[in-house]
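Chemist: You'll find structure36.txt just under this line, and it carries compact mmCIF, C-alpha atoms and all ligand atoms.
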```
# COMPACT_ATOMS: atom_id res chain seq x y z
CA MET A 1 6.55 -43.06 -3.30
CA SER A 2 6.92 -39.31 -3.62
CA ARG A 3 10.39 -37.73 -3.42
CA LEU A 4 8.85 -34.39 -2.52
CA GLU A 5 9.58 -32.93 0.90
CA LEU A 6 6.02 -32.49 2.07
CA LYS A 7 4.74 -31.24 5.39
CA GLU A 8 1.34 -32.18 6.74
CA PHE A 9 -1.39 -30.22 8.52
CA ILE A 10 0.68 -27.08 8.76
CA SER A 11 -0.83 -23.78 9.84
CA LEU A 12 -1.21 -21.24 7.03
CA ARG A 13 -2.02 -18.36 9.38
CA GLU A 14 1.32 -16.61 8.90
CA TYR A 15 1.13 -17.18 5.14
CA ASN A 16 -2.00 -15.08 4.51
CA THR A 17 -2.36 -11.36 5.18
CA PHE A 18 -5.95 -11.77 6.47
CA ARG A 19 -4.40 -14.00 9.18
CA ILE A 20 -7.17 -16.56 8.78
CA GLU A 21 -6.52 -19.66 10.90
CA SER A 22 -6.20 -22.29 8.21
CA LYS A 23 -4.45 -25.63 7.81
CA GLY A 24 -3.14 -27.32 4.69
CA ARG A 25 -3.41 -31.13 4.56
CA TYR A 26 -0.17 -31.31 2.53
CA TYR A 27 2.28 -28.44 2.05
CA LEU A 28 5.14 -28.11 -0.44
CA GLU A 29 7.74 -25.35 -0.44
CA LEU A 30 8.34 -25.18 -4.19
CA LYS A 31 12.02 -24.29 -4.74
CA ASN A 32 12.29 -25.09 -8.44
CA LYS A 33 9.94 -25.76 -11.31
CA ASN A 34 11.12 -29.36 -11.81
CA GLU A 35 9.33 -30.34 -8.60
CA LEU A 36 6.00 -29.58 -10.30
CA LYS A 37 6.09 -32.80 -12.35
CA GLU A 38 6.50 -34.70 -9.08
CA ALA A 39 3.70 -32.67 -7.48
CA TYR A 40 1.50 -33.52 -10.47
CA ASN A 41 2.12 -37.27 -9.94
CA PHE A 42 1.40 -36.95 -6.21
CA ILE A 43 -1.87 -35.11 -6.82
CA LYS A 44 -3.02 -37.62 -9.46
CA TYR A 45 -2.04 -40.63 -7.36
CA HIS A 46 -3.90 -39.38 -4.27
CA ASP A 47 -6.70 -37.69 -6.25
CA LEU A 48 -6.14 -34.36 -4.49
CA ASN A 49 -6.97 -30.72 -5.05
CA TYR A 50 -4.17 -28.18 -4.96
CA PHE A 51 -3.62 -24.45 -5.11
CA VAL A 52 -0.61 -22.18 -5.47
CA LEU A 53 0.16 -19.87 -2.59
CA GLY A 54 2.30 -16.78 -3.12
CA GLY A 55 2.38 -14.07 -0.45
CA GLY A 56 -1.22 -14.85 0.56
CA SER A 57 -2.26 -11.21 0.13
CA ASN A 58 -5.19 -11.76 -2.22
CA ILE A 59 -6.68 -14.95 -0.92
CA LEU A 60 -9.38 -16.18 1.47
CA LEU A 61 -8.45 -19.51 3.02
CA PRO A 62 -10.79 -22.16 4.47
CA GLU A 63 -10.30 -23.68 7.93
CA LEU A 64 -8.85 -26.81 6.34
CA PHE A 65 -7.62 -27.14 2.79
CA ASN A 66 -7.82 -30.87 2.22
CA GLY A 67 -5.28 -31.02 -0.61
CA LEU A 68 -1.78 -29.88 -1.55
CA VAL A 69 -0.68 -26.29 -0.93
CA ILE A 70 2.11 -25.42 -3.39
CA HIS A 71 3.95 -22.49 -1.81
CA ASN A 72 5.91 -20.83 -4.56
CA GLN A 73 9.47 -19.99 -3.48
CA ILE A 74 11.18 -20.00 -6.89
CA LYS A 75 13.71 -17.15 -6.79
CA GLY A 76 16.29 -15.61 -9.14
CA ILE A 77 16.64 -12.59 -11.44
CA ASN A 78 18.59 -12.45 -14.68
CA VAL A 79 18.86 -10.24 -17.74
CA THR A 80 17.93 -12.14 -20.90
CA ALA A 81 18.34 -9.46 -23.61
CA GLU A 82 18.69 -5.73 -24.14
CA THR A 83 18.34 -3.04 -26.77
CA SER A 84 19.39 0.61 -26.60
CA GLU A 85 16.01 1.40 -25.01
CA TYR A 86 14.87 -1.71 -23.14
CA ILE A 87 16.13 -4.35 -20.77
CA TYR A 88 14.52 -7.81 -20.71
CA ILE A 89 14.61 -9.30 -17.26
CA ARG A 90 13.44 -12.70 -16.05
CA ALA A 91 12.24 -12.99 -12.46
CA GLY A 92 11.38 -16.12 -10.46
CA ALA A 93 7.72 -16.34 -9.46
CA GLY A 94 8.45 -16.70 -5.74
CA LEU A 95 10.36 -13.41 -5.41
CA LYS A 96 8.74 -10.80 -3.22
CA TRP A 97 7.20 -8.24 -5.58
CA ASP A 98 8.43 -5.14 -3.77
CA ASP A 99 11.98 -6.53 -3.38
CA PHE A 100 11.98 -7.10 -7.14
CA ILE A 101 11.05 -3.45 -7.83
CA SER A 102 13.67 -2.25 -5.39
CA GLU A 103 16.33 -4.39 -7.09
CA CYS A 104 15.29 -3.14 -10.55
CA LEU A 105 15.73 0.45 -9.40
CA GLU A 106 19.15 -0.33 -7.94
CA LEU A 107 20.14 -1.80 -11.30
CA GLY A 108 18.74 1.18 -13.24
CA TYR A 109 15.72 -0.57 -14.83
CA TYR A 110 12.60 1.56 -14.77
CA GLY A 111 8.82 1.46 -15.14
CA LEU A 112 7.46 -0.40 -12.12
CA GLU A 113 7.80 2.47 -9.60
CA ASN A 114 4.03 3.13 -9.36
CA LEU A 115 3.45 -0.50 -8.36
CA SER A 116 5.74 -0.20 -5.32
CA TYR A 117 4.75 -1.66 -1.97
CA ILE A 118 2.01 -3.95 -3.31
CA PRO A 119 2.33 -7.08 -1.17
CA GLY A 120 2.78 -10.51 -2.72
CA THR A 121 5.00 -12.27 -5.21
CA VAL A 122 6.22 -11.74 -8.76
CA GLY A 123 4.31 -14.87 -9.86
CA ALA A 124 0.96 -13.49 -8.75
CA SER A 125 1.49 -10.13 -10.48
CA PRO A 126 0.21 -11.31 -13.89
CA VAL A 127 -2.58 -13.38 -12.30
CA GLN A 128 -4.66 -10.35 -11.45
CA ASN A 129 -2.69 -7.87 -13.59
CA ILE A 130 -1.83 -5.84 -10.49
CA SER A 131 -2.44 -2.14 -10.83
CA ALA A 132 -1.94 1.04 -8.83
CA TYR A 133 -1.45 4.76 -9.34
CA GLY A 134 -2.26 4.73 -13.05
CA VAL A 135 -0.09 1.74 -14.01
CA GLU A 136 -0.99 -1.88 -14.79
CA VAL A 137 1.75 -4.52 -14.68
CA LYS A 138 0.74 -5.79 -18.16
CA GLU A 139 2.44 -2.69 -19.63
CA PHE A 140 5.80 -4.19 -18.59
CA ILE A 141 5.20 -7.92 -19.10
CA ASP A 142 6.78 -9.46 -22.18
CA SER A 143 5.86 -13.10 -21.48
CA VAL A 144 5.00 -15.53 -18.71
CA GLU A 145 6.53 -18.98 -18.07
CA LEU A 146 4.18 -21.57 -16.62
CA PHE A 147 3.65 -25.19 -15.73
CA ASP A 148 0.31 -26.51 -16.95
CA MET A 149 -1.05 -28.98 -14.38
CA SER A 150 -3.63 -30.34 -16.83
CA LEU A 151 -0.92 -31.31 -19.36
CA ALA A 152 1.94 -31.89 -16.90
CA ARG A 153 4.30 -29.78 -18.99
CA GLU A 154 5.82 -26.33 -19.26
CA VAL A 155 4.06 -23.70 -21.38
CA PHE A 156 4.91 -20.15 -22.40
CA PHE A 157 2.47 -17.25 -22.93
CA LYS A 158 3.34 -14.07 -24.81
CA GLU A 159 1.75 -10.92 -23.37
CA ARG A 160 -1.11 -10.92 -25.90
CA GLU A 161 -2.02 -14.52 -24.93
CA CYS A 162 -2.49 -13.52 -21.28
CA TYR A 163 -5.71 -11.58 -22.04
CA PHE A 164 -4.97 -8.95 -19.42
CA SER A 165 -7.75 -6.62 -18.35
CA TYR A 166 -8.54 -4.63 -15.20
CA ARG A 167 -7.40 -6.87 -12.28
CA ASN A 168 -7.83 -9.93 -14.47
CA SER A 169 -6.05 -12.31 -16.85
CA VAL A 170 -6.45 -15.75 -18.39
CA PHE A 171 -4.65 -17.15 -15.31
CA LYS A 172 -7.17 -15.94 -12.74
CA SER A 173 -9.85 -18.38 -13.86
CA ASN A 174 -7.45 -21.19 -14.76
CA PRO A 175 -5.79 -22.68 -11.67
CA ASN A 176 -4.10 -25.31 -13.87
CA LEU A 177 -1.62 -22.66 -14.94
CA ILE A 178 1.18 -22.16 -12.41
CA VAL A 179 3.47 -19.20 -13.05
CA THR A 180 7.12 -20.18 -12.59
CA ALA A 181 8.78 -16.99 -13.96
CA VAL A 182 7.79 -13.66 -15.49
CA ASN A 183 9.73 -11.91 -18.27
CA PHE A 184 9.58 -8.13 -17.99
CA LYS A 185 10.50 -5.48 -20.54
CA LEU A 186 11.70 -2.42 -18.61
CA ASN A 187 12.99 0.99 -19.63
CA LYS A 188 16.69 1.80 -19.50
CA ARG A 189 15.86 5.48 -19.22
CA PRO A 190 13.37 6.75 -16.62
CA LYS A 191 9.86 7.46 -17.94
CA LEU A 192 7.85 8.55 -14.94
CA ASN A 193 4.07 8.22 -14.85
CA LEU A 194 2.98 11.17 -12.72
CA THR A 195 -0.61 11.45 -13.89
CA TYR A 196 -2.40 9.92 -10.91
CA ARG A 197 -4.16 12.54 -8.78
CA ASP A 198 -2.34 11.92 -5.44
CA VAL A 199 1.04 11.98 -7.20
CA ALA A 200 0.27 15.09 -9.29
CA GLU A 201 -0.99 16.96 -6.21
CA HIS A 202 2.15 16.13 -4.25
CA LEU A 203 4.36 17.36 -7.09
CA LYS A 204 2.43 20.62 -7.34
CA LYS A 205 2.91 21.23 -3.62
CA SER A 206 6.56 20.15 -3.32
CA LYS A 207 7.89 22.28 -6.22
CA THR A 208 11.01 20.07 -6.51
CA ALA A 209 13.10 20.73 -9.60
CA THR A 210 14.19 17.11 -10.02
CA PHE A 211 12.11 14.04 -9.37
CA THR A 212 13.79 10.66 -9.83
CA PRO A 213 12.29 7.15 -10.14
CA LYS A 214 13.51 6.53 -6.58
CA ASP A 215 11.64 9.68 -5.42
CA LEU A 216 8.50 8.39 -7.13
CA ARG A 217 8.84 5.01 -5.43
CA ASP A 218 9.35 6.68 -2.03
CA LEU A 219 6.30 8.88 -2.60
CA ILE A 220 4.11 5.91 -3.55
CA VAL A 221 5.31 3.93 -0.50
CA ASN A 222 4.47 6.91 1.72
CA ILE A 223 1.01 7.43 0.26
CA ARG A 224 0.24 3.72 0.61
CA LYS A 225 1.50 3.57 4.21
CA ASN A 226 -0.84 6.43 5.13
CA LYS A 227 -3.85 5.07 3.29
CA LEU A 228 -3.88 1.31 3.74
CA PRO A 229 -3.79 -0.78 6.92
CA ASP A 230 -0.55 -2.68 7.50
CA PRO A 231 -1.55 -6.38 7.47
CA GLU A 232 0.99 -7.00 10.27
CA LEU A 233 -1.13 -4.76 12.53
CA ILE A 234 -4.63 -5.00 11.04
CA PRO A 235 -5.00 -8.13 8.89
CA ASN A 236 -6.59 -7.51 5.46
CA ALA A 237 -6.28 -8.37 1.77
CA GLY A 238 -6.18 -4.86 0.29
CA SER A 239 -9.15 -3.92 -1.92
CA PHE A 240 -11.88 -6.41 -1.13
CA PHE A 241 -14.11 -5.48 -4.08
CA HIS A 242 -13.46 -4.66 -7.72
CA ASN A 243 -14.32 -1.18 -8.88
CA PRO A 244 -17.52 -1.95 -10.83
CA ILE A 245 -17.48 -1.35 -14.58
CA VAL A 246 -20.94 -0.37 -15.81
CA ASP A 247 -22.68 0.73 -19.02
CA LYS A 248 -22.62 4.47 -19.65
CA LYS A 249 -26.39 4.70 -19.25
CA VAL A 250 -26.15 3.21 -15.72
CA ALA A 251 -23.46 5.78 -14.81
CA ASP A 252 -25.49 8.64 -16.34
CA SER A 253 -28.55 7.64 -14.35
CA LEU A 254 -26.49 7.54 -11.10
CA LEU A 255 -24.98 10.94 -11.91
CA LYS A 256 -28.48 12.45 -12.02
CA ASP A 257 -28.97 11.61 -8.34
CA TYR A 258 -25.47 11.52 -6.86
CA ASP A 259 -22.17 13.37 -7.09
CA ILE A 260 -20.43 10.09 -7.85
CA PRO A 261 -16.88 9.91 -9.27
CA THR A 262 -16.71 8.16 -12.67
CA PHE A 263 -13.76 7.08 -14.82
CA ASN A 264 -13.67 6.13 -18.50
CA SER A 265 -13.05 2.44 -19.06
CA ASP A 266 -12.57 0.27 -22.19
CA HIS A 267 -15.30 -0.17 -24.82
CA GLY A 268 -17.21 2.97 -23.82
CA LYS A 269 -17.92 1.62 -20.34
CA VAL A 270 -17.54 3.55 -17.10
CA LYS A 271 -15.64 2.55 -13.96
CA LEU A 272 -17.13 3.48 -10.58
CA SER A 273 -15.31 3.64 -7.27
CA ALA A 274 -16.34 0.72 -5.05
CA GLY A 275 -14.83 2.57 -2.07
CA TRP A 276 -17.06 5.59 -2.74
CA LEU A 277 -20.18 3.41 -3.03
CA ILE A 278 -19.42 1.62 0.26
CA GLU A 279 -18.57 4.84 2.08
CA ASN A 280 -21.69 6.61 0.82
CA ALA A 281 -23.86 3.65 1.73
CA GLY A 282 -22.80 4.60 5.27
CA LEU A 283 -20.55 1.60 5.86
CA LYS A 284 -17.10 3.14 6.41
CA GLY A 285 -15.92 1.95 9.84
CA PHE A 286 -18.92 -0.41 10.20
CA ARG A 287 -18.01 -3.51 12.22
CA LEU A 288 -19.81 -6.73 13.02
CA ASN A 289 -18.06 -9.05 15.49
CA ASN A 290 -14.60 -9.87 14.07
CA VAL A 291 -14.90 -8.23 10.66
CA GLY A 292 -15.25 -4.61 9.59
CA VAL A 293 -14.92 -1.99 6.87
CA TYR A 294 -11.63 -0.17 7.52
CA ASP A 295 -12.35 3.27 8.97
CA LYS A 296 -9.79 5.07 6.78
CA HIS A 297 -10.50 3.29 3.48
CA ALA A 298 -13.92 1.81 2.73
CA LEU A 299 -12.65 -0.57 0.04
CA VAL A 300 -10.71 -2.61 2.59
CA LEU A 301 -12.29 -5.21 4.87
CA VAL A 302 -10.31 -6.02 8.00
CA ASN A 303 -10.08 -8.97 10.36
CA TYR A 304 -10.12 -7.58 13.90
CA ALA A 305 -9.61 -10.95 15.60
CA GLY A 306 -9.79 -14.56 14.50
CA ALA A 307 -12.32 -14.17 11.67
CA THR A 308 -12.94 -17.21 9.49
CA GLN A 309 -13.44 -17.31 5.74
CA LYS A 310 -17.19 -17.76 6.33
CA GLU A 311 -17.43 -14.74 8.65
CA ILE A 312 -15.60 -12.56 6.13
CA LEU A 313 -17.79 -13.74 3.25
CA ASP A 314 -21.00 -13.27 5.28
CA PHE A 315 -19.90 -9.74 6.16
CA SER A 316 -19.00 -8.97 2.54
CA ARG A 317 -22.50 -10.10 1.46
CA LEU A 318 -23.95 -7.57 3.85
CA VAL A 319 -21.83 -4.82 2.30
CA LYS A 320 -22.81 -5.90 -1.22
CA ASP A 321 -26.52 -5.95 -0.32
CA LYS A 322 -26.41 -2.46 1.23
CA VAL A 323 -24.64 -1.02 -1.82
CA TYR A 324 -27.10 -2.72 -4.16
CA GLU A 325 -30.07 -1.50 -2.12
CA LYS A 326 -28.93 2.12 -2.44
CA TYR A 327 -27.27 2.28 -5.89
CA LYS A 328 -28.49 -0.85 -7.75
CA VAL A 329 -24.84 -1.66 -8.51
CA ARG A 330 -23.48 -5.13 -7.80
CA LEU A 331 -20.01 -5.41 -6.27
CA SER A 332 -17.81 -8.43 -6.94
CA ILE A 333 -15.12 -9.80 -4.63
CA GLU A 334 -11.47 -9.40 -5.63
CA PRO A 335 -9.56 -11.95 -3.48
CA ILE A 336 -9.59 -15.58 -4.57
CA ILE A 337 -11.76 -17.82 -2.41
CA ILE A 338 -10.08 -21.18 -1.77
CA THR A 339 -12.47 -24.03 -0.88
C1 LIG A 401 -2.45 -4.00 1.99
C2 LIG A 401 -2.67 -4.55 0.59
C3 LIG A 401 -2.62 -3.69 -0.50
C4 LIG A 401 -2.83 -4.18 -1.80
N1 LIG A 401 -2.78 -3.31 -2.86
C5 LIG A 401 -2.96 -3.75 -4.12
C6 LIG A 401 -2.88 -2.84 -5.24
O1 LIG A 401 -2.64 -1.65 -5.09
N2 LIG A 401 -3.07 -3.35 -6.49
C7 LIG A 401 -3.32 -4.67 -6.71
O2 LIG A 401 -3.49 -5.05 -7.88
N3 LIG A 401 -3.41 -5.55 -5.67
C8 LIG A 401 -3.23 -5.13 -4.40
N4 LIG A 401 -3.31 -6.01 -3.33
C9 LIG A 401 -3.65 -7.42 -3.59
C10 LIG A 401 -2.41 -8.36 -3.69
O3 LIG A 401 -1.31 -7.81 -3.03
C11 LIG A 401 -2.02 -8.65 -5.14
O4 LIG A 401 -3.11 -9.22 -5.83
C12 LIG A 401 -0.82 -9.61 -5.22
O5 LIG A 401 -0.38 -9.72 -6.55
C13 LIG A 401 -1.14 -11.00 -4.68
O6 LIG A 401 0.08 -11.69 -4.62
P1 LIG A 401 0.31 -12.94 -3.68
O7 LIG A 401 1.63 -13.51 -4.02
O8 LIG A 401 0.11 -12.54 -2.27
O9 LIG A 401 -0.86 -13.91 -4.17
P2 LIG A 401 -1.72 -14.91 -3.28
O10 LIG A 401 -2.63 -14.12 -2.40
O11 LIG A 401 -0.86 -15.90 -2.62
O12 LIG A 401 -2.58 -15.60 -4.42
C14 LIG A 401 -3.56 -14.89 -5.12
C15 LIG A 401 -4.07 -15.75 -6.29
O13 LIG A 401 -3.03 -15.92 -7.24
C16 LIG A 401 -2.71 -17.31 -7.37
N5 LIG A 401 -1.26 -17.41 -7.51
C17 LIG A 401 -0.31 -16.96 -6.67
N6 LIG A 401 0.91 -17.24 -7.15
C18 LIG A 401 0.71 -17.90 -8.32
C19 LIG A 401 1.56 -18.48 -9.28
N7 LIG A 401 2.89 -18.45 -9.16
N8 LIG A 401 1.00 -19.08 -10.36
C20 LIG A 401 -0.34 -19.13 -10.52
N9 LIG A 401 -1.19 -18.61 -9.63
C21 LIG A 401 -0.68 -18.01 -8.55
C22 LIG A 401 -3.21 -17.98 -6.11
O14 LIG A 401 -3.47 -19.36 -6.31
C23 LIG A 401 -4.46 -17.17 -5.85
O15 LIG A 401 -5.49 -17.63 -6.70
C24 LIG A 401 -3.10 -5.55 -2.01
C25 LIG A 401 -3.15 -6.42 -0.90
C26 LIG A 401 -2.92 -5.92 0.39
C27 LIG A 401 -2.96 -6.87 1.56
```
Once more with this new file: its structure as structure tokens, please.

Modeler:
Amino acid sequence: MSRLELKEFISLREYNTFRIESKGRYYLELKNKNELKEAYNFIKYHDLNYFVLGGGSNILLPELFNGLVIHNQIKGINVTAETSEYIYIRAGAGLKWDDFISECLELGYYGLENLSYIPGTVGASPVQNISAYGVEVKEFIDSVELFDMSLAREVFFKERECYFSYRNSVFKSNPNLIVTAVNFKLNKRPKLNLTYRDVAEHLKKSKTATFTPKDLRDLIVNIRKNKLPDPELIPNAGSFFHNPIVDKKVADSLLKDYDIPTFNSDHGKVKLSAGWLIENAGLKGFRLNNVGVYDKHALVLVNYAGATQKEILDFSRLVKDKVYEKYKVRLSIEPIIIT
């Protein structure tokens, strides 16, 4: 007999920002990491699948998930060490990401400002190495605490063991690893990253003499509110496709025919803008039944009403095919598809 407080056949609609109508066969609100051993026994005994749900902002759910949904609600923040320059802070995986940044700023711990207003939880931040406005979260992660469902025990990964790369990490392809807490190394003195184009342009225009970390956070929140659809009003999962990373010769050949923006990436490769490719394939604002390309930002697919996982995936295939037809570049999907 399981001592877990499980619910059955609960609706996950309010727990995913695409607002897909989905049900979980079993559902656990995970309040502390010790429950994971019990969850492991339950899964093994009933031979079930499982997945971890955070804020549901980077996920595509099926109509019925016939296994255990582990909804991470582990909270808590505490300082674990400090030097004259840095503060080491441990945050529970179920904390809301943006609340965590806000609290860090209140406490005078800096670095995460550019990642403000990204939906989701602290625990998911290392999973896809969240990034925005010139900053990747890996720059501030010291280590990650996990429960390994294949070994039924706790494990600990230093930053270098996480194999972070653009919107990716060792965790993204390994669902056995459940993040229970993240240890961050933040600055005690502000070190603002103002290099990103939208931020730099704003600063040039505003001519303010002082610009604080709080000002930077407010600016980022404002830019994001103007650019991206609010999932409460227009359900979506943010960027639906990765920005493709291609060989330099592919980029050079595209540049001969198109005025396409390119960005240097690691190992001599070149990053293209998926939003630009979709927009210039003529798809910005394109809608088919319940799903569409957002009319203000071509990288975002939106659910206009009651779309299912299948409808969204079928629509995304159409977008991928059109982009490939025109540019011979293959797009890949960013959100995790749960089956
Ligand atoms: C409007 C909007 C804007 C966005 N902007 C950005 C952006 O600028 N940059 C960016 O990088 N992303 C962005 N995203 C995507 C998303 O917010 C992030 O990927 C976020 O980190 C997902 O967190 P979550 O808690 O919602 O994860 P979920 O969607 O719940 O889960 C995503 C994946 O992570 C896994 N996961 C979740 N929690 C854990 C855990 N504790 N342990 C192990 N695995 C876990 C899940 O199983 C799933 O595979 C945006 C999304 C939206 C809707």

Chemist: Please measure the separation of CA of Val69 in chain A and CA of Gly55 in chain A, giving the value in Å to one decimal.

Modeler: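 For CA of Val69 in chain A relative to CA of Gly55 in chain A, the distance reads 12.6 Å.
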
Chemist: At a cut-off of 6 Å, using only C-alpha atoms, what residues contact range 131-142 of chain A? Leave out same-chain residues fewer than 6 positions from it and give the result as a count of residues only.

Modeler: 7

Chemist: Just checking: using only C-alpha atoms, which residue out of A:Phe65, A:Tyr327, A:Phe315, A:Phe211 ends up closest to Leu255 in chain A?

Modeler: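 For Leu255 in chain A, the nearest of the given residues is A:Tyr327.
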
Chemist: Which residue out of A:Ile178, A:Ala81, A:Lys158, A:Tyr166 has the minimum interatomic distance to Leu30 in chain A when all atoms listed in the file are used?

Modeler: A:Ile178

Chemist: Which residues come within 10 Å of range 270-280 of chain A, counting only C-alpha atoms, excluding same-chain residues fewer than 2 positions away, as a ChimeraX atom specification?

Modeler: /A:239-252,258,260-268,282-286,293,295-300,319-320,322-324,326-327,329-332

Chemist: How far is it from CA of Lys44 in chain A to atom C18 of ligand LIG 401 (chain A), in Å with one decimal?

Modeler: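 Atom-to-atom, CA of Lys44 in chain A and atom C18 of ligand LIG 401 (chain A) are spaced 20.1 Å apart.
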
Chemist: Counting all atoms listed in the file, what are the residues of range 176-281 of chain A within 10 Å of range 107-112 of chain A, and for each of them which pair of atoms is the nearest and at what distance in Å, to one decimal? Sort the table by chain and rising number, as a tab-separated table.

Modeler:
```
residue	atom	partner	partner_atom	distance
A:Phe184	CA	A:Leu112	CA	9.9
A:Lys185	CA	A:Gly111	CA	9.0
A:Leu186	CA	A:Tyr110	CA	5.6
A:Asn187	CA	A:Tyr110	CA	4.9
A:Lys188	CA	A:Tyr109	CA	5.3
A:Arg189	CA	A:Tyr110	CA	6.8
A:Pro190	CA	A:Tyr110	CA	5.6
A:Lys191	CA	A:Gly111	CA	6.7
A:Leu192	CA	A:Gly111	CA	7.2
A:Asn193	CA	A:Gly111	CA	8.3
A:Pro213	CA	A:Tyr110	CA	7.3
A:Lys214	CA	A:Tyr110	CA	9.6
A:Arg217	CA	A:Leu112	CA	8.7
```

Chemist: Given only C-alpha atoms and all ligand atoms as the basis, pick out the residue of A:Arg90, A:Lys23, A:Arg160, A:Lys33 nearest to ligand LIG 401 (chain A).

Modeler: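 Checking each candidate against ligand LIG 401 (chain A), we get A:Lys33 as the closest.
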
Chemist: Looking at A:Ala237, A:Val291, A:Leu12, A:Val122, which one is nearest to ligand LIG 401 (chain A), with distances taken over all atoms listed in the file?

Modeler: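 Looking only at the distances to ligand LIG 401 (chain A), the closest residue turns out to be A:Ala237.
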
Chemist: Around the point (-9.0, -12.5, -2.2) (coordinates from the file), which residues reach within 7 Å if we count all atoms listed in the file? Answer as a compact mmCIF listing (two decimals) with C-alpha atoms, in the coordinates of the input.

Modeler:
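The resulting out-v9.txt:
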```txt
# COMPACT_ATOMS: atom_id res chain seq x y z
CA ASN A 58 -5.19 -11.76 -2.22
CA ILE A 59 -6.68 -14.95 -0.92
CA LEU A 60 -9.38 -16.18 1.47
CA ALA A 237 -6.28 -8.37 1.77
CA PHE A 240 -11.88 -6.41 -1.13
CA GLU A 334 -11.47 -9.40 -5.63
CA PRO A 335 -9.56 -11.95 -3.48
CA ILE A 336 -9.59 -15.58 -4.57
CA ILE A 337 -11.76 -17.82 -2.41
```

Chemist: In Å to one decimal, how far is CA of Tyr88 in chain A from CA of Pro126 in chain A?

Modeler: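 Pair CA of Pro126 in chain A / CA of Tyr88 in chain A returns 16.2 Å.
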
Chemist: Can you pull out the residues contacting Asp198 in chain A? Cut-off 10 Å, using all atoms listed in the file, and skip same-chain residues under 5 positions away; I want them as a list of chain:residue names.

Modeler: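 The residues satisfying every condition are A:Tyr133, A:Leu203, A:Leu219, A:Ile220, A:Ile223.
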
Chemist: So which residues are close to (10.1, -32.0, -3.7), meaning at most 9 Å away in the file's coordinates with all atoms listed in the file counted, and can you show them as an MDAnalysis selection string?

Modeler: chainID A and resid 2:6 28:32 34:36 38:39

Chemist: Kindly indicate which residue among A:Ile338, A:Leu233, A:Ile87, A:Ile101 lies nearest to ligand LIG 401 (chain A), using all atoms listed in the file for the distances.

Modeler: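 The shortest atom-to-atom distance to ligand LIG 401 (chain A) comes from A:Ile338.
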
Chemist: Under the rule that only C-alpha atoms and all ligand atoms are counted, which of A:Leu64, A:Ile74, A:Leu53, A:Ile312 is the nearest residue to ligand LIG 401 (chain A)?

Modeler: A:Leu53

Chemist: Please give the centre and size of the box around range 305-309 of chain A (axis-aligned, containing every atom listed in the file, 4 Å added per side), with values in Å to one decimal and written as JSON.

Modeler:
```
{"center_x": -11.5, "center_y": -14.1, "center_z": 10.7, "size_x": 11.8, "size_y": 14.4, "size_z": 17.9}
```

Chemist: As a PyMOL selection string, please: the residues near Asn66 in chain A (cut-off 8 Å, all atoms listed in the file, same-chain neighbours under 4 positions excluded).

Modeler: chain A and resi 24-26+48-49

Chemist: Contacts of Pro175 in chain A at 9 Å or less, counting only C-alpha atoms, minus same-chain residues fewer than 4 places along, as a ChimeraX atom specification?

Modeler: /A:50-52,148-149,171
